[in-house]
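Accompanying notes for the structure given below.
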Amino acid sequence: MDYDFINEVVNQMDNIQEEHFVIRPEMAVVRTGNMIFHQVKAKNPPFIINDYRMGYLHKGWMRAEFNLMERKVEEGMITVLLPGTIVDPIEISDDLEVRGMMLFDSFPMPFSADKMPAAFSGQRRDFSIMATPDEREMCRMLFDTLWLAVHQQPADPDMINALVKTIMCHFDGIYMRGQGLQQGGTTTANNLFGRFFRLVNLFGKKEHRLAFYADKLCVTPRYLGTVVHEESGTTAKEWIDRATIAEAKVMLRHDNTPVSLIADELNFANVSFFCKYFKRLTGLTPQQFRNGKG
């Protein structure tokens, strides 16, 4: 779901660009209700995010699966999605209103790769946190200012870059506050599950064995499997399978890569094994899913 995808969606909607959405090759700024999100939802999810996206819900709510985990994002929450995030929209409220931005590949990031704030460093591909009233007001003011800045004629790239940097720093502050609160009530088992889940999101595309994750976490596969099931109600193997299937669905739906190459990319021994695996878990062959039957 990159610039070309978003640009196509926006251009299909009457007046959306002027009233609710500004898109440039390097970035997009959102100030909208639910129209564009419904349009995106109709474009055969799941999707993979290829850029940096961040914003806050000014009004309403939405349910979606982010990197295998379903959650509800509600009014007052900030959300950050980093490159590599897999998103599957589920339900959107009629009064949804978002303030946010997308930073595409050509955007001159205000931080070097080794100086990224913690919220954008890749430790987590996505997160949503309820902001305090003061934090929400700061979000509103910053995004309103960014909206005005991108409408200037001509737009000042230095001002826009400075505003983007300020927004990212503000989001990082909210993230760090949220991490502190979360760590205060985290058990050892819950911490292990969180680390396992992050590893699955990072390596699930190619690594399908529980032993790989247990080795990374310095525990036995048996112990890891027990903890994951107790903490989530789902087996560790199911989480790994979900990650693999999610990656497969994105590739099948949104590019024309032959199934044999997808099997190779996902580290299967051969295409026949991949097809049997996919059908066992989804009820469809890869080609049936690609043709829109799922």
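Chain identifiers are assigned as A, B, and so on, following the order in which chains appear in the structure tokens; residues are numbered from 1 within each chain, and ligands are numbered from 1 in order of appearance.
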**Report entry** Residue neighbourhood A:Leu82, 6 Å, only C-alpha atoms, exclusion window fewer than 3 positions, as a ChimeraX atom specification
**Finding:** /A:52,85,125
Query raised in the report: Hey, what's within 12 Å of A:Ile160 if we count only C-alpha atoms and toss same-chain stuff fewer than 6 positions away? As number ranges by chain, please?
Result: A: 26-29, 101, 103, 107-110, 142-143, 145-152, 154, 166-167
Requested in this report: Name the residues of stretch 29-234 of chain A that come out as strand (DSSP E) in a backbone DSSP run; write them as an NGL selection string.
Outcome: :A and (29-32 or 47-48 or 52-59 or 61-66 or 69-74 or 77-81 or 86-92 or 97-103 or 126-130)
Please produce a file of those selected residues containing N, CA and C atoms, as a short mmCIF file (atom, residue, chain, number, x, y, z; two decimals), in the first residue's frame.
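After the write, again.cif holds the following:
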```cif
data_model
loop_
_atom_site.label_atom_id
_atom_site.label_comp_id
_atom_site.auth_asym_id
_atom_site.auth_seq_id
_atom_site.Cartn_x
_atom_site.Cartn_y
_atom_site.Cartn_z
N VAL A 29 -1.13 13.97 3.78
CA VAL A 29 -1.67 14.45 5.05
C VAL A 29 -3.17 14.18 5.05
N VAL A 30 -3.65 13.59 6.14
CA VAL A 30 -5.04 13.14 6.25
C VAL A 30 -5.78 14.02 7.24
N ARG A 31 -6.96 14.41 6.85
CA ARG A 31 -7.84 15.17 7.74
C ARG A 31 -9.25 14.81 7.31
N THR A 32 -9.68 13.61 7.67
CA THR A 32 -10.82 13.04 6.97
C THR A 32 -11.75 12.24 7.87
N PHE A 47 -3.21 -5.76 3.41
CA PHE A 47 -2.23 -4.91 2.73
C PHE A 47 -0.94 -4.89 3.54
N ILE A 48 0.15 -4.60 2.85
CA ILE A 48 1.41 -4.37 3.55
C ILE A 48 1.78 -2.90 3.42
N TYR A 52 6.03 5.06 6.41
CA TYR A 52 5.74 5.43 7.80
C TYR A 52 4.37 6.12 7.86
N ARG A 53 3.50 5.64 8.75
CA ARG A 53 2.18 6.25 8.91
C ARG A 53 1.92 6.48 10.40
N MET A 54 1.36 7.64 10.67
CA MET A 54 1.08 7.96 12.07
C MET A 54 -0.07 8.95 12.14
N GLY A 55 -0.84 8.85 13.20
CA GLY A 55 -1.95 9.78 13.35
C GLY A 55 -2.69 9.53 14.64
N TYR A 56 -3.75 10.29 14.85
CA TYR A 56 -4.58 10.04 16.03
C TYR A 56 -6.04 10.12 15.64
N LEU A 57 -6.87 9.36 16.37
CA LEU A 57 -8.30 9.33 16.10
C LEU A 57 -8.95 10.51 16.82
N HIS A 58 -9.38 11.47 16.04
CA HIS A 58 -10.06 12.64 16.58
C HIS A 58 -11.49 12.30 16.99
N LYS A 59 -12.06 11.30 16.31
CA LYS A 59 -13.45 10.93 16.56
C LYS A 59 -13.70 9.53 16.02
N TRP A 61 -14.10 5.25 15.79
CA TRP A 61 -13.28 4.08 16.09
C TRP A 61 -13.13 3.22 14.83
N MET A 62 -12.17 2.31 14.88
CA MET A 62 -12.03 1.31 13.83
C MET A 62 -11.44 0.04 14.41
N ARG A 63 -11.83 -1.10 13.85
CA ARG A 63 -11.25 -2.38 14.21
C ARG A 63 -10.46 -2.90 13.03
N ALA A 64 -9.27 -3.41 13.30
CA ALA A 64 -8.43 -3.96 12.23
C ALA A 64 -7.45 -4.94 12.84
N GLU A 65 -6.89 -5.78 11.97
CA GLU A 65 -5.81 -6.66 12.39
C GLU A 65 -4.50 -6.03 11.96
N PHE A 66 -3.65 -5.74 12.93
CA PHE A 66 -2.34 -5.17 12.66
C PHE A 66 -1.28 -6.21 13.02
N MET A 69 -2.50 -9.19 15.06
CA MET A 69 -3.23 -8.95 16.30
C MET A 69 -4.42 -8.02 16.04
N GLU A 70 -5.63 -8.51 16.31
CA GLU A 70 -6.81 -7.67 16.12
C GLU A 70 -6.95 -6.71 17.30
N ARG A 71 -7.26 -5.44 16.99
CA ARG A 71 -7.53 -4.51 18.06
C ARG A 71 -8.45 -3.39 17.57
N LYS A 72 -9.04 -2.72 18.55
CA LYS A 72 -9.94 -1.61 18.27
C LYS A 72 -9.20 -0.32 18.63
N VAL A 73 -9.11 0.59 17.65
CA VAL A 73 -8.49 1.89 17.87
C VAL A 73 -9.62 2.89 18.08
N GLU A 74 -9.59 3.61 19.21
CA GLU A 74 -10.71 4.44 19.60
C GLU A 74 -10.33 5.92 19.67
N MET A 77 -6.82 7.91 20.69
CA MET A 77 -5.63 7.06 20.59
C MET A 77 -4.72 7.52 19.45
N ILE A 78 -3.41 7.42 19.66
CA ILE A 78 -2.46 7.61 18.56
C ILE A 78 -2.09 6.24 18.02
N THR A 79 -1.76 6.18 16.74
CA THR A 79 -1.35 4.92 16.11
C THR A 79 -0.15 5.19 15.22
N VAL A 80 0.81 4.28 15.26
CA VAL A 80 1.99 4.34 14.38
C VAL A 80 2.11 3.01 13.66
N LEU A 81 2.29 3.06 12.34
CA LEU A 81 2.52 1.88 11.51
C LEU A 81 3.83 2.07 10.77
N ILE A 86 1.53 -5.39 8.31
CA ILE A 86 0.43 -5.98 7.55
C ILE A 86 -0.87 -5.57 8.22
N VAL A 87 -1.77 -4.99 7.43
CA VAL A 87 -3.03 -4.44 7.94
C VAL A 87 -4.20 -5.12 7.24
N ASP A 88 -5.18 -5.51 8.03
CA ASP A 88 -6.41 -6.09 7.48
C ASP A 88 -7.59 -5.38 8.14
N PRO A 89 -8.18 -4.35 7.50
CA PRO A 89 -9.30 -3.61 8.09
C PRO A 89 -10.51 -4.52 8.28
N ILE A 90 -11.22 -4.32 9.39
CA ILE A 90 -12.39 -5.15 9.69
C ILE A 90 -13.67 -4.32 9.72
N GLU A 91 -13.69 -3.26 10.53
CA GLU A 91 -14.92 -2.47 10.72
C GLU A 91 -14.55 -1.02 11.03
N ILE A 92 -15.33 -0.09 10.51
CA ILE A 92 -15.06 1.34 10.65
C ILE A 92 -16.35 2.04 11.06
N GLU A 97 -13.02 10.00 12.26
CA GLU A 97 -12.30 11.19 11.82
C GLU A 97 -10.86 11.09 12.29
N VAL A 98 -9.93 11.18 11.35
CA VAL A 98 -8.50 10.96 11.62
C VAL A 98 -7.70 12.19 11.27
N ARG A 99 -6.66 12.47 12.05
CA ARG A 99 -5.63 13.43 11.69
C ARG A 99 -4.33 12.64 11.59
N GLY A 100 -3.66 12.70 10.46
CA GLY A 100 -2.46 11.88 10.34
C GLY A 100 -1.65 12.20 9.11
N MET A 101 -0.58 11.42 8.91
CA MET A 101 0.29 11.64 7.76
C MET A 101 0.93 10.33 7.34
N MET A 102 1.32 10.28 6.06
CA MET A 102 2.06 9.16 5.49
C MET A 102 3.35 9.73 4.90
N LEU A 103 4.47 9.10 5.21
CA LEU A 103 5.76 9.54 4.70
C LEU A 103 6.27 8.48 3.74
N ASP A 126 4.19 -1.74 14.95
CA ASP A 126 2.97 -0.93 15.09
C ASP A 126 2.63 -0.82 16.56
N PHE A 127 1.91 0.25 16.90
CA PHE A 127 1.36 0.37 18.25
C PHE A 127 0.26 1.41 18.25
N SER A 128 -0.63 1.27 19.22
CA SER A 128 -1.69 2.25 19.47
C SER A 128 -1.72 2.51 20.97
N ILE A 129 -1.76 3.78 21.35
CA ILE A 129 -1.74 4.17 22.76
C ILE A 129 -2.77 5.27 22.99
N MET A 130 -3.52 5.18 24.09
CA MET A 130 -4.45 6.24 24.44
C MET A 130 -3.67 7.45 24.94
#
```
Query - Proximity to A:Lys43 - best of A:Arg253, A:Leu284, A:Phe274, A:Gly204, only C-alpha atoms - result: A:Arg253
Report task. Considering only C-alpha atoms, return as a list in words whatever protein or nucleic-acid residues lie within 8 Å of A:Asp241, sequence-local ones (same chain, fewer than 3 positions apart) excluded. Result ->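 These residues fall inside the cut-off: Gly204, His208, Lys237, Glu238, Thr244 and Ile245 of chain A.
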Report task. Can you pull out every residue within 12 Å of A:Phe289, counting only C-alpha atoms, but drop anything in the same chain fewer than 2 positions away, and send it as a PyMOL selection string? Result -> chain A and resi 44-46+245+248-254+259+275+278-279+282-287+291-294
**Report entry** Polymer residues at most 8 Å from A:Ser260, only C-alpha atoms, same-chain spacing of 2 or more positions, as a list of chain:residue names
**Finding:**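 Contacts, with the query itself left out: A:Pro258, A:Ile262, A:Ala263, A:Asp264, A:Asn270, A:Val271.
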Requested in this report: Considering only C-alpha atoms, return as JSON, numbers by chain whatever protein or nucleic-acid residues lie within 9 Å of A:Asp2, sequence-local ones (same chain, fewer than 6 positions apart) excluded.
Outcome: {"A": [48, 49, 50, 51, 104, 105]}
Extract the full set of alpha helix (DSSP H) residues from stretch 181-234 of chain A according to DSSP on the backbone, and format it as an mmCIF file with N, CA, C and O atoms, in the first residue's frame.
```cif
data_model
loop_
_atom_site.group_PDB
_atom_site.id
_atom_site.type_symbol
_atom_site.label_atom_id
_atom_site.label_comp_id
_atom_site.auth_asym_id
_atom_site.auth_seq_id
_atom_site.Cartn_x
_atom_site.Cartn_y
_atom_site.Cartn_z
ATOM 1 N N LEU A 181 4.410 2.630 31.583
ATOM 2 C CA LEU A 181 3.217 2.118 32.254
ATOM 3 C C LEU A 181 3.068 0.626 32.015
ATOM 4 O O LEU A 181 2.711 -0.132 32.923
ATOM 5 N N GLN A 182 3.359 0.190 30.788
ATOM 6 C CA GLN A 182 3.204 -1.214 30.434
ATOM 7 C C GLN A 182 4.198 -2.088 31.180
ATOM 8 O O GLN A 182 3.851 -3.128 31.724
ATOM 9 N N GLN A 183 5.437 -1.642 31.270
ATOM 10 C CA GLN A 183 6.457 -2.434 31.920
ATOM 11 C C GLN A 183 6.183 -2.585 33.412
ATOM 12 O O GLN A 183 6.537 -3.592 34.014
ATOM 13 N N GLY A 184 5.519 -1.576 33.994
ATOM 14 C CA GLY A 184 5.231 -1.642 35.416
ATOM 15 C C GLY A 184 4.318 -2.780 35.782
ATOM 16 O O GLY A 184 4.345 -3.274 36.900
ATOM 17 N N THR A 188 6.770 -11.897 33.841
ATOM 18 C CA THR A 188 7.832 -12.545 33.067
ATOM 19 C C THR A 188 7.257 -13.298 31.883
ATOM 20 O O THR A 188 7.781 -13.229 30.755
ATOM 21 N N ALA A 189 6.157 -14.005 32.101
ATOM 22 C CA ALA A 189 5.520 -14.769 31.023
ATOM 23 C C ALA A 189 4.995 -13.846 29.940
ATOM 24 O O ALA A 189 5.160 -14.107 28.739
ATOM 25 N N ASN A 190 4.357 -12.754 30.350
ATOM 26 C CA ASN A 190 3.821 -11.815 29.374
ATOM 27 C C ASN A 190 4.932 -11.166 28.570
ATOM 28 O O ASN A 190 4.803 -10.940 27.362
ATOM 29 N N ASN A 191 6.044 -10.889 29.229
ATOM 30 C CA ASN A 191 7.193 -10.307 28.542
ATOM 31 C C ASN A 191 7.748 -11.279 27.504
ATOM 32 O O ASN A 191 8.109 -10.887 26.386
ATOM 33 N N LEU A 192 7.813 -12.556 27.860
ATOM 34 C CA LEU A 192 8.305 -13.568 26.919
ATOM 35 C C LEU A 192 7.384 -13.676 25.718
ATOM 36 O O LEU A 192 7.846 -13.761 24.572
ATOM 37 N N PHE A 193 6.070 -13.673 25.965
ATOM 38 C CA PHE A 193 5.128 -13.732 24.848
ATOM 39 C C PHE A 193 5.301 -12.517 23.933
ATOM 40 O O PHE A 193 5.288 -12.642 22.704
ATOM 41 N N GLY A 194 5.464 -11.332 24.523
ATOM 42 C CA GLY A 194 5.652 -10.125 23.720
ATOM 43 C C GLY A 194 6.887 -10.206 22.851
ATOM 44 O O GLY A 194 6.873 -9.822 21.678
ATOM 45 N N ARG A 195 7.976 -10.734 23.416
ATOM 46 C CA ARG A 195 9.211 -10.886 22.645
ATOM 47 C C ARG A 195 9.034 -11.917 21.539
ATOM 48 O O ARG A 195 9.512 -11.735 20.414
ATOM 49 N N PHE A 196 8.349 -13.025 21.852
ATOM 50 C CA PHE A 196 8.051 -14.039 20.835
ATOM 51 C C PHE A 196 7.225 -13.435 19.703
ATOM 52 O O PHE A 196 7.521 -13.641 18.519
ATOM 53 N N PHE A 197 6.211 -12.672 20.065
ATOM 54 C CA PHE A 197 5.307 -12.096 19.058
ATOM 55 C C PHE A 197 6.060 -11.133 18.138
ATOM 56 O O PHE A 197 5.842 -11.119 16.921
ATOM 57 N N ARG A 198 6.962 -10.335 18.701
ATOM 58 C CA ARG A 198 7.753 -9.426 17.871
ATOM 59 C C ARG A 198 8.668 -10.201 16.918
ATOM 60 O O ARG A 198 8.843 -9.823 15.757
ATOM 61 N N LEU A 199 9.239 -11.294 17.408
ATOM 62 C CA LEU A 199 10.091 -12.116 16.548
ATOM 63 C C LEU A 199 9.297 -12.747 15.410
ATOM 64 O O LEU A 199 9.765 -12.829 14.269
ATOM 65 N N VAL A 200 8.079 -13.184 15.713
ATOM 66 C CA VAL A 200 7.231 -13.776 14.670
ATOM 67 C C VAL A 200 6.932 -12.752 13.592
ATOM 68 O O VAL A 200 6.943 -13.065 12.392
ATOM 69 N N ASN A 201 6.678 -11.521 13.993
ATOM 70 C CA ASN A 201 6.422 -10.473 13.001
ATOM 71 C C ASN A 201 7.655 -10.161 12.162
ATOM 72 O O ASN A 201 7.546 -9.792 11.000
ATOM 73 N N LEU A 202 8.827 -10.319 12.757
ATOM 74 C CA LEU A 202 10.063 -10.043 12.030
ATOM 75 C C LEU A 202 10.484 -11.195 11.123
ATOM 76 O O LEU A 202 10.944 -10.983 10.002
ATOM 77 N N PHE A 203 10.314 -12.444 11.608
ATOM 78 C CA PHE A 203 10.896 -13.595 10.907
ATOM 79 C C PHE A 203 9.868 -14.597 10.385
ATOM 80 O O PHE A 203 10.250 -15.561 9.710
ATOM 81 N N LEU A 210 9.131 -23.663 15.514
ATOM 82 C CA LEU A 210 9.112 -23.131 16.876
ATOM 83 C C LEU A 210 10.514 -23.121 17.468
ATOM 84 O O LEU A 210 10.872 -22.214 18.230
ATOM 85 N N ALA A 211 11.333 -24.098 17.105
ATOM 86 C CA ALA A 211 12.690 -24.197 17.663
ATOM 87 C C ALA A 211 13.520 -22.959 17.342
ATOM 88 O O ALA A 211 14.366 -22.552 18.148
ATOM 89 N N PHE A 212 13.290 -22.353 16.179
ATOM 90 C CA PHE A 212 14.024 -21.143 15.811
ATOM 91 C C PHE A 212 13.762 -20.033 16.826
ATOM 92 O O PHE A 212 14.691 -19.363 17.295
ATOM 93 N N TYR A 213 12.494 -19.832 17.183
ATOM 94 C CA TYR A 213 12.121 -18.750 18.106
ATOM 95 C C TYR A 213 12.564 -19.075 19.532
ATOM 96 O O TYR A 213 12.998 -18.185 20.268
ATOM 97 N N ALA A 214 12.462 -20.329 19.915
ATOM 98 C CA ALA A 214 12.918 -20.723 21.247
ATOM 99 C C ALA A 214 14.415 -20.463 21.396
ATOM 100 O O ALA A 214 14.873 -19.979 22.440
ATOM 101 N N ASP A 215 15.168 -20.783 20.346
ATOM 102 C CA ASP A 215 16.614 -20.552 20.379
ATOM 103 C C ASP A 215 16.921 -19.062 20.510
ATOM 104 O O ASP A 215 17.800 -18.664 21.284
ATOM 105 N N LYS A 216 16.191 -18.229 19.772
ATOM 106 C CA LYS A 216 16.395 -16.782 19.850
ATOM 107 C C LYS A 216 16.102 -16.251 21.257
ATOM 108 O O LYS A 216 16.725 -15.287 21.710
ATOM 109 N N LEU A 217 15.148 -16.880 21.936
ATOM 110 C CA LEU A 217 14.718 -16.411 23.250
ATOM 111 C C LEU A 217 15.411 -17.153 24.394
ATOM 112 O O LEU A 217 15.120 -16.893 25.567
ATOM 113 N N PRO A 221 11.738 -25.149 23.330
ATOM 114 C CA PRO A 221 10.487 -25.059 22.566
ATOM 115 C C PRO A 221 9.270 -25.432 23.410
ATOM 116 O O PRO A 221 8.213 -24.809 23.278
ATOM 117 N N ARG A 222 9.400 -26.424 24.263
ATOM 118 C CA ARG A 222 8.289 -26.852 25.103
ATOM 119 C C ARG A 222 7.849 -25.730 26.051
ATOM 120 O O ARG A 222 6.657 -25.436 26.173
ATOM 121 N N TYR A 223 8.823 -25.101 26.701
ATOM 122 C CA TYR A 223 8.494 -24.019 27.630
ATOM 123 C C TYR A 223 7.875 -22.842 26.879
ATOM 124 O O TYR A 223 6.863 -22.273 27.317
ATOM 125 N N LEU A 224 8.459 -22.473 25.736
ATOM 126 C CA LEU A 224 7.928 -21.358 24.961
ATOM 127 C C LEU A 224 6.499 -21.652 24.510
ATOM 128 O O LEU A 224 5.618 -20.790 24.610
ATOM 129 N N GLY A 225 6.261 -22.869 24.029
ATOM 130 C CA GLY A 225 4.915 -23.235 23.589
ATOM 131 C C GLY A 225 3.901 -23.142 24.717
ATOM 132 O O GLY A 225 2.776 -22.664 24.522
ATOM 133 N N THR A 226 4.293 -23.576 25.918
ATOM 134 C CA THR A 226 3.393 -23.523 27.085
ATOM 135 C C THR A 226 3.062 -22.080 27.447
ATOM 136 O O THR A 226 1.891 -21.732 27.665
ATOM 137 N N VAL A 227 4.084 -21.224 27.513
ATOM 138 C CA VAL A 227 3.880 -19.819 27.895
ATOM 139 C C VAL A 227 3.005 -19.101 26.866
ATOM 140 O O VAL A 227 2.071 -18.382 27.235
ATOM 141 N N VAL A 228 3.294 -19.285 25.601
ATOM 142 C CA VAL A 228 2.532 -18.600 24.544
ATOM 143 C C VAL A 228 1.066 -19.001 24.603
ATOM 144 O O VAL A 228 0.162 -18.156 24.508
ATOM 145 N N HIS A 229 0.803 -20.291 24.788
ATOM 146 C CA HIS A 229 -0.592 -20.750 24.840
ATOM 147 C C HIS A 229 -1.300 -20.214 26.077
ATOM 148 O O HIS A 229 -2.464 -19.790 26.004
ATOM 149 N N GLU A 230 -0.611 -20.202 27.212
ATOM 150 C CA GLU A 230 -1.234 -19.689 28.443
ATOM 151 C C GLU A 230 -1.503 -18.189 28.362
ATOM 152 O O GLU A 230 -2.518 -17.705 28.876
ATOM 153 N N GLU A 231 -0.611 -17.452 27.736
ATOM 154 C CA GLU A 231 -0.759 -15.997 27.668
ATOM 155 C C GLU A 231 -1.762 -15.537 26.612
ATOM 156 O O GLU A 231 -2.415 -14.509 26.779
ATOM 157 N N SER A 232 -1.873 -16.284 25.513
ATOM 158 C CA SER A 232 -2.694 -15.805 24.389
ATOM 159 C C SER A 232 -3.898 -16.676 24.051
ATOM 160 O O SER A 232 -4.775 -16.260 23.299
#
```
Query raised in the report: For A:Gly84, which residue among A:Ala119, A:Ile174, A:Met1, A:Ala162 is the nearest when counting only C-alpha atoms?
Result: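 Once distances to A:Gly84 are computed over only C-alpha atoms, the minimum belongs to A:Met1.
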Report task. Calculate how many Å separate atom CA of A:Phe268 from atom CA of A:Glu247, rounding to one decimal. Result -> 13.1 Å
